[in-house]
Amino acid sequence: MIIIMEFNSKDYKFGLNITQELINEALVYIAKSNKNETGGILIGRYNEERTCANIKTISGPPNDSKCGPTWFERGIHGLQALLSDCWQKKEYYIGEWHFHPGGSSDPSNRDINQMTDIARSQKYSCPEPVLFIIGGNAINYTCKAFVVLRDRKVIDLNRSEQILKLK
């Protein structure tokens with residue numbers, strides 16, 4: 001059985017689907033983070049209408065990442081190879097995920113600034129990147145999803161339902 005968490009903006013212009021299995025992968029990285037922030041990238045594909053990102057891969061923190069209890073700077077080591085492999089499957093960079101230890105799953109100003117830089121950057125080719133934040137700890141956590149636009153506008157993607165699919 002596959003459990004899919006579905007997130008949508010109020011106007012359904014933006015959406016995100018992510019499986020519990022991928023969130024569990026993130027929770028493994030979180031458990032290893034030793035109470036520091038951690039994170040990685042989200043890779044997937046959009047539906048035909050380009051209104052919903054379906055996450056297929058979640059990376060861990062590259063080994064050149066830097067972190068502390070209240071900050072995370074994602075490195076780049078190994079990501080180009082991962083993205084090239086995924087590109088062959090028509091899967092693309094969708095955005096970022098990270099963990100706020102003991103905190104909320106709301107974005108900080110630093111998070112918004114980093115995502116705005118990504119939205120504005122031509123090297124990412126992602127004008128509407130998704131930010132997926134997990135707050136709390138590896139056992140008791142909350143998660144929220146956002147789209148950050150080039151003008152720093154943050155669009156909340158509200159969790160609308162959990163879909164169960166048989167494998």
# chains A, B, ... in the order shown; residues from 1 in each chain; ligands from 1
>>> closest_atom_pairs(of="region 49-131 of chain A", to="region 22-44 of chain A", cutoff="8 Å", atoms="only C-alpha atoms", output="CSV")
residue,atom,partner,partner_atom,distance
A:Ala53,CA,A:Gly44,CA,6.7
A:Asn54,CA,A:Gly44,CA,5.5
A:Ile55,CA,A:Gly44,CA,4.3
A:Lys56,CA,A:Gly44,CA,4.7
A:Thr57,CA,A:Ile43,CA,5.0
A:Ile58,CA,A:Leu42,CA,4.9
A:Ser59,CA,A:Gly40,CA,5.0
A:Gly60,CA,A:Gly40,CA,4.9
A:Pro61,CA,A:Gly40,CA,4.8
A:Pro62,CA,A:Gly40,CA,7.2
A:Cys67,CA,A:Glu37,CA,5.9
A:Gly68,CA,A:Asn36,CA,4.9
A:Pro69,CA,A:Asn36,CA,4.1
A:Thr70,CA,A:Glu37,CA,6.3
A:Trp71,CA,A:Glu37,CA,5.8
A:Phe72,CA,A:Glu37,CA,5.5
A:Arg74,CA,A:Gly40,CA,6.5
A:Leu83,CA,A:Ile43,CA,7.8
A:Cys86,CA,A:Ile43,CA,7.7
A:Glu91,CA,A:Gly44,CA,4.7
A:Tyr92,CA,A:Ile43,CA,5.3
A:Tyr93,CA,A:Ile43,CA,4.6
A:Ile94,CA,A:Ile43,CA,5.2
A:Gly95,CA,A:Leu42,CA,5.1
A:Glu96,CA,A:Ile41,CA,4.3
A:Trp97,CA,A:Gly39,CA,5.3
A:His98,CA,A:Gly39,CA,3.8
A:Phe99,CA,A:Glu37,CA,5.2
A:His100,CA,A:Glu37,CA,5.6
A:Pro101,CA,A:Lys35,CA,5.8
>>> write_last_selection(atoms="N, CA and C atoms", output="PDB file, in the first residue's frame")
ATOM      1  N   ALA A  53       3.233  19.030  -8.527  1.00  0.00           N
ATOM      2  CA  ALA A  53       4.526  18.342  -8.570  1.00  0.00           C
ATOM      3  C   ALA A  53       4.385  17.020  -7.838  1.00  0.00           C
ATOM      4  N   ASN A  54       4.782  15.953  -8.500  1.00  0.00           N
ATOM      5  CA  ASN A  54       4.779  14.623  -7.901  1.00  0.00           C
ATOM      6  C   ASN A  54       6.221  14.260  -7.575  1.00  0.00           C
ATOM      7  N   ILE A  55       6.532  14.205  -6.297  1.00  0.00           N
ATOM      8  CA  ILE A  55       7.903  13.949  -5.870  1.00  0.00           C
ATOM      9  C   ILE A  55       8.202  12.458  -6.015  1.00  0.00           C
ATOM     10  N   LYS A  56       9.320  12.157  -6.670  1.00  0.00           N
ATOM     11  CA  LYS A  56       9.739  10.779  -6.908  1.00  0.00           C
ATOM     12  C   LYS A  56      11.000  10.417  -6.132  1.00  0.00           C
ATOM     13  N   THR A  57      11.840  11.420  -5.834  1.00  0.00           N
ATOM     14  CA  THR A  57      13.113  11.188  -5.150  1.00  0.00           C
ATOM     15  C   THR A  57      13.353  12.311  -4.162  1.00  0.00           C
ATOM     16  N   ILE A  58      13.869  11.950  -3.002  1.00  0.00           N
ATOM     17  CA  ILE A  58      14.284  12.935  -2.009  1.00  0.00           C
ATOM     18  C   ILE A  58      15.747  12.622  -1.684  1.00  0.00           C
ATOM     19  N   SER A  59      16.606  13.621  -1.796  1.00  0.00           N
ATOM     20  CA  SER A  59      18.021  13.372  -1.509  1.00  0.00           C
ATOM     21  C   SER A  59      18.305  13.667  -0.043  1.00  0.00           C
ATOM     22  N   GLY A  60      19.392  13.117   0.421  1.00  0.00           N
ATOM     23  CA  GLY A  60      19.896  13.482   1.734  1.00  0.00           C
ATOM     24  C   GLY A  60      20.802  14.684   1.590  1.00  0.00           C
ATOM     25  N   PRO A  61      21.401  15.117   2.681  1.00  0.00           N
ATOM     26  CA  PRO A  61      22.307  16.262   2.599  1.00  0.00           C
ATOM     27  C   PRO A  61      23.605  15.864   1.891  1.00  0.00           C
ATOM     28  N   PRO A  62      23.998  16.598   0.861  1.00  0.00           N
ATOM     29  CA  PRO A  62      25.302  16.317   0.248  1.00  0.00           C
ATOM     30  C   PRO A  62      26.396  16.444   1.299  1.00  0.00           C
ATOM     31  N   CYS A  67      25.774  22.726   8.686  1.00  0.00           N
ATOM     32  CA  CYS A  67      24.557  22.835   9.476  1.00  0.00           C
ATOM     33  C   CYS A  67      24.857  23.176  10.930  1.00  0.00           C
ATOM     34  N   GLY A  68      23.811  23.603  11.591  1.00  0.00           N
ATOM     35  CA  GLY A  68      23.829  23.858  13.017  1.00  0.00           C
ATOM     36  C   GLY A  68      22.420  23.653  13.552  1.00  0.00           C
ATOM     37  N   PRO A  69      22.195  23.903  14.831  1.00  0.00           N
ATOM     38  CA  PRO A  69      20.865  23.684  15.404  1.00  0.00           C
ATOM     39  C   PRO A  69      19.770  24.559  14.797  1.00  0.00           C
ATOM     40  N   THR A  70      20.153  25.711  14.225  1.00  0.00           N
ATOM     41  CA  THR A  70      19.138  26.633  13.686  1.00  0.00           C
ATOM     42  C   THR A  70      19.409  27.064  12.253  1.00  0.00           C
ATOM     43  N   TRP A  71      20.267  26.339  11.546  1.00  0.00           N
ATOM     44  CA  TRP A  71      20.554  26.717  10.151  1.00  0.00           C
ATOM     45  C   TRP A  71      21.070  25.515   9.362  1.00  0.00           C
ATOM     46  N   PHE A  72      20.873  25.597   8.050  1.00  0.00           N
ATOM     47  CA  PHE A  72      21.334  24.544   7.150  1.00  0.00           C
ATOM     48  C   PHE A  72      21.700  25.178   5.812  1.00  0.00           C
ATOM     49  N   ARG A  74      22.677  23.753   2.241  1.00  0.00           N
ATOM     50  CA  ARG A  74      22.814  22.546   1.445  1.00  0.00           C
ATOM     51  C   ARG A  74      24.006  22.661   0.518  1.00  0.00           C
ATOM     52  N   LEU A  83      20.906  14.433 -10.457  1.00  0.00           N
ATOM     53  CA  LEU A  83      19.952  15.109 -11.335  1.00  0.00           C
ATOM     54  C   LEU A  83      20.068  14.614 -12.775  1.00  0.00           C
ATOM     55  N   CYS A  86      18.301  11.316 -12.978  1.00  0.00           N
ATOM     56  CA  CYS A  86      16.851  11.505 -12.916  1.00  0.00           C
ATOM     57  C   CYS A  86      16.320  12.132 -14.204  1.00  0.00           C
ATOM     58  N   GLU A  91      12.600  13.224 -14.889  1.00  0.00           N
ATOM     59  CA  GLU A  91      12.351  13.753 -13.556  1.00  0.00           C
ATOM     60  C   GLU A  91      13.320  14.897 -13.334  1.00  0.00           C
ATOM     61  N   TYR A  92      12.848  15.942 -12.656  1.00  0.00           N
ATOM     62  CA  TYR A  92      13.581  17.197 -12.588  1.00  0.00           C
ATOM     63  C   TYR A  92      13.630  17.752 -11.168  1.00  0.00           C
ATOM     64  N   TYR A  93      14.535  18.707 -10.980  1.00  0.00           N
ATOM     65  CA  TYR A  93      14.617  19.434  -9.713  1.00  0.00           C
ATOM     66  C   TYR A  93      13.282  20.145  -9.491  1.00  0.00           C
ATOM     67  N   ILE A  94      12.680  19.923  -8.319  1.00  0.00           N
ATOM     68  CA  ILE A  94      11.401  20.533  -7.959  1.00  0.00           C
ATOM     69  C   ILE A  94      11.584  21.565  -6.852  1.00  0.00           C
ATOM     70  N   GLY A  95      12.533  21.315  -5.958  1.00  0.00           N
ATOM     71  CA  GLY A  95      12.726  22.226  -4.842  1.00  0.00           C
ATOM     72  C   GLY A  95      13.583  21.610  -3.749  1.00  0.00           C
ATOM     73  N   GLU A  96      13.375  22.095  -2.547  1.00  0.00           N
ATOM     74  CA  GLU A  96      14.208  21.745  -1.396  1.00  0.00           C
ATOM     75  C   GLU A  96      13.345  21.211  -0.260  1.00  0.00           C
ATOM     76  N   TRP A  97      13.956  20.404   0.572  1.00  0.00           N
ATOM     77  CA  TRP A  97      13.329  20.020   1.835  1.00  0.00           C
ATOM     78  C   TRP A  97      14.353  20.266   2.932  1.00  0.00           C
ATOM     79  N   HIS A  98      13.868  20.573   4.118  1.00  0.00           N
ATOM     80  CA  HIS A  98      14.770  20.571   5.266  1.00  0.00           C
ATOM     81  C   HIS A  98      14.003  20.448   6.570  1.00  0.00           C
ATOM     82  N   PHE A  99      14.768  20.297   7.625  1.00  0.00           N
ATOM     83  CA  PHE A  99      14.267  19.955   8.946  1.00  0.00           C
ATOM     84  C   PHE A  99      14.565  21.063   9.935  1.00  0.00           C
ATOM     85  N   HIS A 100      13.554  21.441  10.715  1.00  0.00           N
ATOM     86  CA  HIS A 100      13.700  22.376  11.835  1.00  0.00           C
ATOM     87  C   HIS A 100      13.622  21.567  13.127  1.00  0.00           C
ATOM     88  N   PRO A 101      14.769  21.250  13.755  1.00  0.00           N
ATOM     89  CA  PRO A 101      14.739  20.410  14.959  1.00  0.00           C
ATOM     90  C   PRO A 101      14.017  21.095  16.122  1.00  0.00           C
TER      91      PRO A 101
END
>>> closest_atom_pairs(of="region 87-163 of chain A", to="region 6-10 of chain A", cutoff="8 Å", atoms="only C-alpha atoms", output="CSV")
residue,atom,partner,partner_atom,distance
A:Ala145,CA,A:Phe7,CA,7.0
A:Ile155,CA,A:Ser9,CA,6.8
A:Asp156,CA,A:Ser9,CA,6.0
A:Leu157,CA,A:Ser9,CA,4.5
A:Asn158,CA,A:Phe7,CA,5.0
A:Arg159,CA,A:Phe7,CA,4.2
A:Ser160,CA,A:Phe7,CA,5.5
A:Glu161,CA,A:Glu6,CA,5.6
A:Gln162,CA,A:Glu6,CA,6.1
A:Ile163,CA,A:Glu6,CA,7.3
>>> write_last_selection(atoms="N, CA and C atoms", output="PDB file, in the first residue's frame")
ATOM      1  N   ALA A 145       4.232  22.348   3.209  1.00  0.00           N
ATOM      2  CA  ALA A 145       4.802  22.598   1.892  1.00  0.00           C
ATOM      3  C   ALA A 145       4.445  24.013   1.444  1.00  0.00           C
ATOM      4  N   ILE A 155       3.497  30.887  -1.070  1.00  0.00           N
ATOM      5  CA  ILE A 155       2.168  30.298  -1.200  1.00  0.00           C
ATOM      6  C   ILE A 155       2.120  29.025  -0.368  1.00  0.00           C
ATOM      7  N   ASP A 156       1.218  29.018   0.614  1.00  0.00           N
ATOM      8  CA  ASP A 156       1.036  27.826   1.441  1.00  0.00           C
ATOM      9  C   ASP A 156       0.344  26.745   0.629  1.00  0.00           C
ATOM     10  N   LEU A 157       0.871  25.551   0.729  1.00  0.00           N
ATOM     11  CA  LEU A 157       0.208  24.393   0.144  1.00  0.00           C
ATOM     12  C   LEU A 157      -0.378  23.611   1.309  1.00  0.00           C
ATOM     13  N   ASN A 158      -1.664  23.718   1.464  1.00  0.00           N
ATOM     14  CA  ASN A 158      -2.330  23.085   2.595  1.00  0.00           C
ATOM     15  C   ASN A 158      -2.513  21.600   2.350  1.00  0.00           C
ATOM     16  N   ARG A 159      -2.295  20.841   3.391  1.00  0.00           N
ATOM     17  CA  ARG A 159      -2.481  19.391   3.281  1.00  0.00           C
ATOM     18  C   ARG A 159      -3.968  19.128   3.164  1.00  0.00           C
ATOM     19  N   SER A 160      -4.368  18.603   2.019  1.00  0.00           N
ATOM     20  CA  SER A 160      -5.794  18.426   1.783  1.00  0.00           C
ATOM     21  C   SER A 160      -6.280  17.024   2.116  1.00  0.00           C
ATOM     22  N   GLU A 161      -5.451  16.022   1.856  1.00  0.00           N
ATOM     23  CA  GLU A 161      -5.880  14.671   2.182  1.00  0.00           C
ATOM     24  C   GLU A 161      -4.714  13.712   2.087  1.00  0.00           C
ATOM     25  N   GLN A 162      -4.950  12.553   2.597  1.00  0.00           N
ATOM     26  CA  GLN A 162      -3.984  11.480   2.500  1.00  0.00           C
ATOM     27  C   GLN A 162      -4.630  10.412   1.625  1.00  0.00           C
ATOM     28  N   ILE A 163      -3.961  10.042   0.565  1.00  0.00           N
ATOM     29  CA  ILE A 163      -4.514   9.089  -0.387  1.00  0.00           C
ATOM     30  C   ILE A 163      -3.828   7.744  -0.181  1.00  0.00           C
TER      31      ILE A 163
END
>>> select_by_dssp(residues="region 16-160 of chain A", states="alpha helix (DSSP H)", output="ChimeraX atom specification")
/A:20-32,79-88,109-120
>>> write_last_selection(atoms="C-alpha atoms", output="short mmCIF file (atom, residue, chain, number, x, y, z; two decimals), in the first residue's frame")
data_model
loop_
_atom_site.label_atom_id
_atom_site.label_comp_id
_atom_site.auth_asym_id
_atom_site.auth_seq_id
_atom_site.Cartn_x
_atom_site.Cartn_y
_atom_site.Cartn_z
CA GLN A 20 4.98 8.61 3.20
CA GLU A 21 7.84 6.38 2.07
CA LEU A 22 9.81 9.46 0.92
CA ILE A 23 9.01 11.29 4.14
CA ASN A 24 10.30 8.23 6.01
CA GLU A 25 13.57 8.55 4.06
CA ALA A 26 13.82 12.15 5.25
CA LEU A 27 13.15 10.99 8.82
CA VAL A 28 16.17 8.67 8.60
CA TYR A 29 18.36 11.66 7.67
CA ILE A 30 16.73 13.64 10.48
CA ALA A 31 17.50 10.91 13.03
CA LYS A 32 21.16 11.04 11.93
CA LEU A 79 23.79 16.43 -6.92
CA GLN A 80 24.64 16.99 -10.59
CA ALA A 81 25.12 13.25 -11.12
CA LEU A 82 21.85 12.51 -9.30
CA LEU A 83 19.95 15.11 -11.33
CA SER A 84 21.47 13.82 -14.59
CA ASP A 85 20.34 10.28 -13.77
CA CYS A 86 16.85 11.51 -12.92
CA TRP A 87 16.70 13.67 -16.05
CA GLN A 88 17.02 10.46 -18.09
CA ASN A 109 13.17 34.54 6.58
CA ARG A 110 16.43 32.78 5.71
CA ASP A 111 14.45 29.92 4.12
CA ILE A 112 12.40 32.37 2.05
CA ASN A 113 15.52 34.27 0.97
CA GLN A 114 17.24 31.06 -0.15
CA MET A 115 14.18 29.88 -2.07
CA THR A 116 13.74 33.30 -3.68
CA ASP A 117 17.35 33.10 -4.87
CA ILE A 118 16.60 29.68 -6.38
CA ALA A 119 13.44 30.99 -8.07
CA ARG A 120 15.44 33.86 -9.61
#
>>> closest_residue(among="A:Lys123, A:Gly102, A:Pro107, A:Ile3", to="Ala138 (chain A)", atoms="only C-alpha atoms")
A:Gly102
>>> residues_around(residues="Asp106 (chain A)", least_positions_apart="4", cutoff="9 Å", atoms="only C-alpha atoms", output="compact mmCIF listing (two decimals) with N, CA and C atoms, in the first residue's frame")
# COMPACT_ATOMS: atom_id res chain seq x y z
N HIS A 100 13.55 21.44 10.72
CA HIS A 100 13.70 22.38 11.83
C HIS A 100 13.62 21.57 13.13
N ILE A 133 9.08 21.49 4.52
CA ILE A 133 9.74 21.60 5.83
C ILE A 133 9.12 20.60 6.80
N ILE A 134 10.00 19.91 7.50
CA ILE A 134 9.60 19.00 8.57
C ILE A 134 10.08 19.63 9.87
N GLY A 135 9.18 19.76 10.83
CA GLY A 135 9.53 20.32 12.13
C GLY A 135 9.29 19.30 13.24
N CYS A 143 4.72 18.48 9.03
CA CYS A 143 5.32 18.87 7.75
C CYS A 143 4.39 19.81 7.02
N LYS A 144 4.99 20.75 6.32
CA LYS A 144 4.26 21.73 5.52
C LYS A 144 4.99 21.93 4.21
N ALA A 145 4.23 22.35 3.21
CA ALA A 145 4.80 22.60 1.89
C ALA A 145 4.45 24.01 1.44
>>> closest_residue(among="A:Arg152, A:Phe132, A:Asn137, A:Ser125", to="Met5 (chain A)", atoms="only C-alpha atoms")
A:Phe132
